[in-house]
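**Student:** Could you have a look at this structure, given as structure tokens, before my questions?
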Amino acid sequence: MEAFLSKKRPRRSAATQVIRRQPLPKDLDSNEEDTSTDFKLATLASLHPNVDQAALLDLLISAEGSLDAVTEILFASRGDGSSRKRSATGTGYQSSLAAFRRPGDSQSAKRRALTRKGQTLHLYTPEDILAHTPCSIIHNFLPTQQADNLLKELLEEAPTFESQTFKLFDNVVQSPHTACFYVDGLEEQKRQKTEYLYNGSFLEDIRQITPQMRAVSATVQTAVNEEIAKRIKSHYPDGKKLNYQSPHEWIPNAAFVNCYKGGAESVGYHSDQLTYLGPRAVIGSLSLGVAREFRVRKIVARDDEEHARSKDQRANAEGQVAIHLPHNSLLVMHAEMQEEWKHSIHPTPVIDPHPIAGNKRINVTYRYYRESFHPRYTPRCKCGVATVLRCVQRKKENKGRYMWMCHAGNTPAKEGCSFFQWAEFDDDGEPPWVKKPEYSVDEKTGQN
Ligand SMILES: O=C(O)CCC(=O)C(=O)O
Ligand SMILES: [Fe+2]
């Protein structure tokens, strides 16, 4: 990648520039990619000589480094018959679920057949989303006036948001959208600035939640807890919460606000960081303004025998599903999401302007930062820095295991160390230190 970056690249968009500044807490690195970005870009350039290199890099980022996926998108957009032609509308075409089912399929086979390489399954109804993704959605979530007021308030904040940074292969790159982190109250704002590390650095721009955000947060809390209870009952084995999932109430105490201006702004496939949320985290994500496609893809283990035979079979198994997120919808990402799926906001050539937001989409992801995952407790690496929590997603032998790792090297110009430690949790996802005498009763309740 360095070699590529040092080459002169005409018309390179700001969205793809490698930057050297404060990273935001995204976990967008493609952990286990082995082929260099230089090589991938050279391959793509030779396959698609008429496409600008900056556009190819953008596509490579949103396809999470997959050459196959980029080529598929480019052929599909040319409509040469190798794939289903892509829609020119902002929110995609309606696919009938029946088209993805085969007569006589068993229930599990039906689920496997739902997504196919080169095809995106578009889901609109809460029932379909609940049945085929690890998410649930509530349309028209807030009273109209409250949703509009929150949107207006955040549209005033958004022009001062900064581009996200994330790790792609060995480089910190800029995500093509802007965002800002909000917490509740002055004390928490101070704590966040000085105690919580993101990709090995402290965040500079942390803001206190706005009055509208605070009011909405209580409504989100009630709805998310109800959705969690419903999901446990209807989807999980024996109607019991997942192992490592917290049995306690979900309390939103932090939020990322994302802004996507125009259809080209997007975020590539990623899983959210679990470092301060703990395993099996739930996230409540409120969409305002322009409707966009939220795409989700199941992660399939690289050495999974069922899919090892061909790349195509693996791509089929991963597939992708587009969930349509209209104004004033609350999407709940359930406990199985971050460990087993990746998500993205897909770029689109056309959007339907929103009467208040114009070409912008505002998204608030409410999160629960758990006291037991405060960096004062989590393992430190040899650099003396609190480590990052990751889950093995692709290697079959350790799939689903958690690990603490050094992330100091994610700060540009800083070297990290090789620190690695398997992370242990009890059935409720609590780390071992909560049982130590030093861990006070107050902290167990999340109050300090
Ligand atoms: O904009 C969205 O809906 C998703 C944003 C997201 O993935 C994130 O903040 O981690
Ligand atoms: Fe995310």
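Numbering starts fresh at 1 for the residues of each chain in the structure tokens, the chains themselves are lettered A, B, ... in the order given, and ligands are numbered from 1 as they appear.
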May I ask you to write as a list in words all residues lying at most 7 Å from ligand 2, with only C-alpha atoms and all ligand atoms counted?

**Tutor:** His270, Ser271, Asp272, His343 and Ser344 of chain A

**Student:** Write to file, as a compact mmCIF listing (two decimals), in the first residue's frame, the residues of the selection just made, with N, CA and C atoms.

**Tutor:**
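And here is the file that came out, part.txt:
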# COMPACT_ATOMS: atom_id res chain seq x y z
N HIS A 270 -18.13 -3.60 8.13
CA HIS A 270 -17.36 -3.68 9.37
C HIS A 270 -18.22 -4.29 10.47
N SER A 271 -17.55 -4.62 11.58
CA SER A 271 -18.26 -4.96 12.82
C SER A 271 -17.89 -3.90 13.83
N ASP A 272 -18.79 -3.56 14.71
CA ASP A 272 -18.49 -2.51 15.69
C ASP A 272 -17.60 -3.07 16.80
N HIS A 343 -21.72 -5.19 8.70
CA HIS A 343 -22.73 -4.28 8.17
C HIS A 343 -22.08 -3.08 7.49
N SER A 344 -22.86 -2.43 6.64
CA SER A 344 -22.34 -1.27 5.90
C SER A 344 -23.51 -0.37 5.50

**Student:** List every residue of segment 187-308 of chain A that DSSP, applied to the backbone of this structure, places in strand (DSSP E), and write the result as a count of residues only.

**Tutor:** 33

**Student:** One number please: atom CA of Cys180 of chain A to atom CA of Phe256 of chain A, in Å, one decimal.

**Tutor:**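 Atom CA of Phe256 of chain A lies 5.8 Å from atom CA of Cys180 of chain A.
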
**Student:** Using only C-alpha atoms, which residues sit within 6 Å of segment 126-143 of chain A once same-chain residues fewer than 6 positions away are excluded, as a VMD selection string?

**Tutor:** chain A and resid 328 to 334 337

**Student:** Which chain A residues have any atom within 10 Å of an atom of ligand 1, and for each, what is the nearest pair of atoms with distance in Å to one decimal, counting only C-alpha atoms and all ligand atoms, rows sorted by chain and number, as JSON lines?

**Tutor:**
{"residue": "A:Pro25", "atom": "CA", "partner": "ligand 1", "partner_atom_place_in_ligand_line": "10 (O)", "distance": 8.6}
{"residue": "A:Lys26", "atom": "CA", "partner": "ligand 1", "partner_atom_place_in_ligand_line": "10 (O)", "distance": 6.7}
{"residue": "A:Asp27", "atom": "CA", "partner": "ligand 1", "partner_atom_place_in_ligand_line": "10 (O)", "distance": 8.4}
{"residue": "A:Leu28", "atom": "CA", "partner": "ligand 1", "partner_atom_place_in_ligand_line": "10 (O)", "distance": 9.2}
{"residue": "A:Gln164", "atom": "CA", "partner": "ligand 1", "partner_atom_place_in_ligand_line": "9 (O)", "distance": 9.7}
{"residue": "A:His177", "atom": "CA", "partner": "ligand 1", "partner_atom_place_in_ligand_line": "1 (O)", "distance": 9.2}
{"residue": "A:Ala179", "atom": "CA", "partner": "ligand 1", "partner_atom_place_in_ligand_line": "9 (O)", "distance": 8.0}
{"residue": "A:Cys180", "atom": "CA", "partner": "ligand 1", "partner_atom_place_in_ligand_line": "9 (O)", "distance": 9.5}
{"residue": "A:Phe181", "atom": "CA", "partner": "ligand 1", "partner_atom_place_in_ligand_line": "9 (O)", "distance": 9.6}
{"residue": "A:Ala255", "atom": "CA", "partner": "ligand 1", "partner_atom_place_in_ligand_line": "9 (O)", "distance": 8.6}
{"residue": "A:Phe256", "atom": "CA", "partner": "ligand 1", "partner_atom_place_in_ligand_line": "9 (O)", "distance": 5.8}
{"residue": "A:Val257", "atom": "CA", "partner": "ligand 1", "partner_atom_place_in_ligand_line": "9 (O)", "distance": 7.1}
{"residue": "A:Asn258", "atom": "CA", "partner": "ligand 1", "partner_atom_place_in_ligand_line": "1 (O)", "distance": 5.8}
{"residue": "A:Cys259", "atom": "CA", "partner": "ligand 1", "partner_atom_place_in_ligand_line": "1 (O)", "distance": 7.5}
{"residue": "A:Tyr260", "atom": "CA", "partner": "ligand 1", "partner_atom_place_in_ligand_line": "1 (O)", "distance": 7.7}
{"residue": "A:Ser266", "atom": "CA", "partner": "ligand 1", "partner_atom_place_in_ligand_line": "1 (O)", "distance": 7.9}
{"residue": "A:Val267", "atom": "CA", "partner": "ligand 1", "partner_atom_place_in_ligand_line": "7 (O)", "distance": 6.9}
{"residue": "A:Gly268", "atom": "CA", "partner": "ligand 1", "partner_atom_place_in_ligand_line": "7 (O)", "distance": 8.5}
{"residue": "A:Tyr269", "atom": "CA", "partner": "ligand 1", "partner_atom_place_in_ligand_line": "7 (O)", "distance": 8.2}
{"residue": "A:His270", "atom": "CA", "partner": "ligand 1", "partner_atom_place_in_ligand_line": "7 (O)", "distance": 7.3}
{"residue": "A:Ser271", "atom": "CA", "partner": "ligand 1", "partner_atom_place_in_ligand_line": "10 (O)", "distance": 7.3}
{"residue": "A:Asp272", "atom": "CA", "partner": "ligand 1", "partner_atom_place_in_ligand_line": "10 (O)", "distance": 5.5}
{"residue": "A:Gln273", "atom": "CA", "partner": "ligand 1", "partner_atom_place_in_ligand_line": "10 (O)", "distance": 8.4}
{"residue": "A:Ile283", "atom": "CA", "partner": "ligand 1", "partner_atom_place_in_ligand_line": "10 (O)", "distance": 9.2}
{"residue": "A:Gly284", "atom": "CA", "partner": "ligand 1", "partner_atom_place_in_ligand_line": "3 (O)", "distance": 9.8}
{"residue": "A:Ser285", "atom": "CA", "partner": "ligand 1", "partner_atom_place_in_ligand_line": "3 (O)", "distance": 6.3}
{"residue": "A:Leu286", "atom": "CA", "partner": "ligand 1", "partner_atom_place_in_ligand_line": "3 (O)", "distance": 7.5}
{"residue": "A:Ser287", "atom": "CA", "partner": "ligand 1", "partner_atom_place_in_ligand_line": "3 (O)", "distance": 6.6}
{"residue": "A:Leu288", "atom": "CA", "partner": "ligand 1", "partner_atom_place_in_ligand_line": "3 (O)", "distance": 9.6}
{"residue": "A:Arg292", "atom": "CA", "partner": "ligand 1", "partner_atom_place_in_ligand_line": "3 (O)", "distance": 8.3}
{"residue": "A:Glu293", "atom": "CA", "partner": "ligand 1", "partner_atom_place_in_ligand_line": "3 (O)", "distance": 8.4}
{"residue": "A:Phe294", "atom": "CA", "partner": "ligand 1", "partner_atom_place_in_ligand_line": "3 (O)", "distance": 6.2}
{"residue": "A:Arg295", "atom": "CA", "partner": "ligand 1", "partner_atom_place_in_ligand_line": "3 (O)", "distance": 9.2}
{"residue": "A:Leu325", "atom": "CA", "partner": "ligand 1", "partner_atom_place_in_ligand_line": "3 (O)", "distance": 7.9}
{"residue": "A:Leu330", "atom": "CA", "partner": "ligand 1", "partner_atom_place_in_ligand_line": "3 (O)", "distance": 9.7}
{"residue": "A:Leu331", "atom": "CA", "partner": "ligand 1", "partner_atom_place_in_ligand_line": "3 (O)", "distance": 8.3}
{"residue": "A:Lys342", "atom": "CA", "partner": "ligand 1", "partner_atom_place_in_ligand_line": "7 (O)", "distance": 9.0}
{"residue": "A:His343", "atom": "CA", "partner": "ligand 1", "partner_atom_place_in_ligand_line": "7 (O)", "distance": 6.4}
{"residue": "A:Ser344", "atom": "CA", "partner": "ligand 1", "partner_atom_place_in_ligand_line": "7 (O)", "distance": 5.9}
{"residue": "A:Ile345", "atom": "CA", "partner": "ligand 1", "partner_atom_place_in_ligand_line": "1 (O)", "distance": 6.0}
{"residue": "A:His346", "atom": "CA", "partner": "ligand 1", "partner_atom_place_in_ligand_line": "1 (O)", "distance": 9.6}
{"residue": "A:Arg361", "atom": "CA", "partner": "ligand 1", "partner_atom_place_in_ligand_line": "1 (O)", "distance": 8.1}
{"residue": "A:Ile362", "atom": "CA", "partner": "ligand 1", "partner_atom_place_in_ligand_line": "1 (O)", "distance": 7.4}
{"residue": "A:Asn363", "atom": "CA", "partner": "ligand 1", "partner_atom_place_in_ligand_line": "1 (O)", "distance": 5.1}
{"residue": "A:Val364", "atom": "CA", "partner": "ligand 1", "partner_atom_place_in_ligand_line": "1 (O)", "distance": 7.5}
{"residue": "A:Thr365", "atom": "CA", "partner": "ligand 1", "partner_atom_place_in_ligand_line": "9 (O)", "distance": 5.8}
{"residue": "A:Tyr366", "atom": "CA", "partner": "ligand 1", "partner_atom_place_in_ligand_line": "9 (O)", "distance": 9.1}
{"residue": "A:Arg367", "atom": "CA", "partner": "ligand 1", "partner_atom_place_in_ligand_line": "9 (O)", "distance": 9.9}

**Student:** Kindly export the residues of the current selection with N, CA and C atoms, as a tab-separated table (two decimals), in the first residue's frame.

**Tutor:**
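Here's the written file result13.tsv:
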chain	number	residue	atom	x	y	z
A	25	PRO	N	-13.38	5.49	16.68
A	25	PRO	CA	-13.47	4.08	17.04
A	25	PRO	C	-14.26	3.23	16.07
A	26	LYS	N	-13.66	2.90	15.01
A	26	LYS	CA	-14.27	1.97	14.06
A	26	LYS	C	-13.41	0.73	14.02
A	27	ASP	N	-14.02	-0.35	13.67
A	27	ASP	CA	-13.28	-1.60	13.62
A	27	ASP	C	-13.40	-2.14	12.20
A	28	LEU	N	-12.91	-1.34	11.28
A	28	LEU	CA	-13.16	-1.66	9.89
A	28	LEU	C	-12.01	-2.36	9.23
A	164	GLN	N	-14.60	9.92	9.37
A	164	GLN	CA	-14.17	8.79	10.18
A	164	GLN	C	-12.85	8.28	9.67
A	177	HIS	N	-17.70	9.34	5.12
A	177	HIS	CA	-18.82	10.00	5.78
A	177	HIS	C	-18.28	10.67	7.04
A	179	ALA	N	-18.77	11.85	11.30
A	179	ALA	CA	-19.40	11.34	12.53
A	179	ALA	C	-18.87	12.08	13.75
A	180	CYS	N	-19.57	11.93	14.86
A	180	CYS	CA	-19.10	12.49	16.12
A	180	CYS	C	-19.64	11.63	17.27
A	181	PHE	N	-18.92	11.62	18.39
A	181	PHE	CA	-19.26	10.78	19.52
A	181	PHE	C	-19.87	11.64	20.63
A	255	ALA	N	-23.43	7.62	22.30
A	255	ALA	CA	-24.00	7.51	20.94
A	255	ALA	C	-23.03	8.04	19.90
A	256	PHE	N	-22.93	7.33	18.80
A	256	PHE	CA	-22.24	7.87	17.62
A	256	PHE	C	-23.29	8.46	16.73
A	257	VAL	N	-23.05	9.68	16.29
A	257	VAL	CA	-23.96	10.28	15.32
A	257	VAL	C	-23.22	10.31	13.98
A	258	ASN	N	-23.79	9.67	12.98
A	258	ASN	CA	-23.19	9.61	11.65
A	258	ASN	C	-23.97	10.52	10.72
A	259	CYS	N	-23.26	11.16	9.79
A	259	CYS	CA	-23.93	11.97	8.78
A	259	CYS	C	-23.45	11.54	7.39
A	260	TYR	N	-24.39	11.26	6.50
A	260	TYR	CA	-24.07	10.86	5.13
A	260	TYR	C	-24.67	11.93	4.21
A	266	SER	N	-20.83	6.93	2.54
A	266	SER	CA	-21.16	5.55	2.89
A	266	SER	C	-20.24	5.09	4.03
A	267	VAL	N	-20.42	3.87	4.46
A	267	VAL	CA	-19.42	3.25	5.33
A	267	VAL	C	-19.27	1.80	4.90
A	268	GLY	N	-18.02	1.35	4.79
A	268	GLY	CA	-17.74	0.00	4.31
A	268	GLY	C	-18.12	-1.07	5.32
A	269	TYR	N	-18.10	-2.30	4.87
A	269	TYR	CA	-18.45	-3.43	5.74
A	269	TYR	C	-17.54	-3.49	6.96
A	270	HIS	N	-18.13	-3.60	8.13
A	270	HIS	CA	-17.36	-3.68	9.37
A	270	HIS	C	-18.22	-4.29	10.47
A	271	SER	N	-17.55	-4.62	11.58
A	271	SER	CA	-18.26	-4.96	12.82
A	271	SER	C	-17.89	-3.90	13.83
A	272	ASP	N	-18.79	-3.56	14.71
A	272	ASP	CA	-18.49	-2.51	15.69
A	272	ASP	C	-17.60	-3.07	16.80
A	273	GLN	N	-16.77	-2.15	17.33
A	273	GLN	CA	-15.84	-2.57	18.40
A	273	GLN	C	-16.59	-2.93	19.67
A	283	ILE	N	-27.11	-2.86	19.92
A	283	ILE	CA	-26.99	-1.44	19.55
A	283	ILE	C	-28.33	-0.97	18.97
A	284	GLY	N	-28.77	0.20	19.40
A	284	GLY	CA	-30.02	0.78	18.89
A	284	GLY	C	-29.67	1.89	17.92
A	285	SER	N	-30.14	1.78	16.66
A	285	SER	CA	-29.67	2.69	15.61
A	285	SER	C	-30.86	3.42	14.98
A	286	LEU	N	-30.91	4.73	15.21
A	286	LEU	CA	-32.04	5.53	14.75
A	286	LEU	C	-31.69	6.27	13.47
A	287	SER	N	-32.52	6.10	12.44
A	287	SER	CA	-32.26	6.73	11.15
A	287	SER	C	-33.18	7.93	10.94
A	288	LEU	N	-32.59	9.02	10.47
A	288	LEU	CA	-33.36	10.25	10.22
A	288	LEU	C	-32.95	10.83	8.88
A	292	ARG	N	-31.69	5.22	3.34
A	292	ARG	CA	-30.54	4.56	2.73
A	292	ARG	C	-30.59	3.05	2.97
A	293	GLU	N	-29.72	2.35	2.25
A	293	GLU	CA	-29.64	0.89	2.40
A	293	GLU	C	-28.58	0.52	3.43
A	294	PHE	N	-29.00	-0.26	4.40
A	294	PHE	CA	-28.09	-0.82	5.39
A	294	PHE	C	-27.88	-2.26	4.96
A	295	ARG	N	-26.65	-2.59	4.61
A	295	ARG	CA	-26.41	-3.95	4.12
A	295	ARG	C	-25.76	-4.81	5.19
A	325	LEU	N	-33.77	1.66	5.39
A	325	LEU	CA	-33.89	2.44	6.62
A	325	LEU	C	-34.53	3.80	6.31
A	330	LEU	N	-36.18	2.82	13.85
A	330	LEU	CA	-35.20	2.34	14.83
A	330	LEU	C	-34.83	0.91	14.48
A	331	LEU	N	-33.54	0.71	14.19
A	331	LEU	CA	-33.05	-0.63	13.89
A	331	LEU	C	-32.31	-1.14	15.13
A	342	LYS	N	-21.33	-8.70	9.36
A	342	LYS	CA	-20.75	-7.37	9.09
A	342	LYS	C	-21.86	-6.49	8.52
A	343	HIS	N	-21.72	-5.19	8.70
A	343	HIS	CA	-22.73	-4.28	8.17
A	343	HIS	C	-22.08	-3.08	7.49
A	344	SER	N	-22.86	-2.43	6.64
A	344	SER	CA	-22.34	-1.27	5.90
A	344	SER	C	-23.51	-0.37	5.50
A	345	ILE	N	-23.19	0.86	5.14
A	345	ILE	CA	-24.17	1.72	4.47
A	345	ILE	C	-23.69	1.82	3.03
A	346	HIS	N	-24.50	1.36	2.13
A	346	HIS	CA	-24.10	1.20	0.74
A	346	HIS	C	-24.20	2.54	-0.01
A	361	ARG	N	-28.45	12.03	5.39
A	361	ARG	CA	-29.01	11.04	6.33
A	361	ARG	C	-28.26	11.20	7.64
A	362	ILE	N	-29.00	11.29	8.72
A	362	ILE	CA	-28.40	11.33	10.06
A	362	ILE	C	-28.75	10.00	10.73
A	363	ASN	N	-27.74	9.44	11.39
A	363	ASN	CA	-27.97	8.17	12.08
A	363	ASN	C	-27.39	8.28	13.49
A	364	VAL	N	-28.19	7.88	14.47
A	364	VAL	CA	-27.70	7.89	15.86
A	364	VAL	C	-27.62	6.45	16.33
A	365	THR	N	-26.40	5.99	16.64
A	365	THR	CA	-26.28	4.62	17.17
A	365	THR	C	-26.09	4.73	18.69
A	366	TYR	N	-27.15	4.36	19.41
A	366	TYR	CA	-27.10	4.38	20.88
A	366	TYR	C	-26.40	3.11	21.37
A	367	ARG	N	-25.45	3.31	22.29
A	367	ARG	CA	-24.66	2.18	22.81
A	367	ARG	C	-24.63	2.18	24.33

**Student:** DSSP on the backbone: what in segment 206-368 of chain A comes out alpha helix (DSSP H), as a ChimeraX atom specification?

**Tutor:** /A:211-235,305-308,311-318,337-340
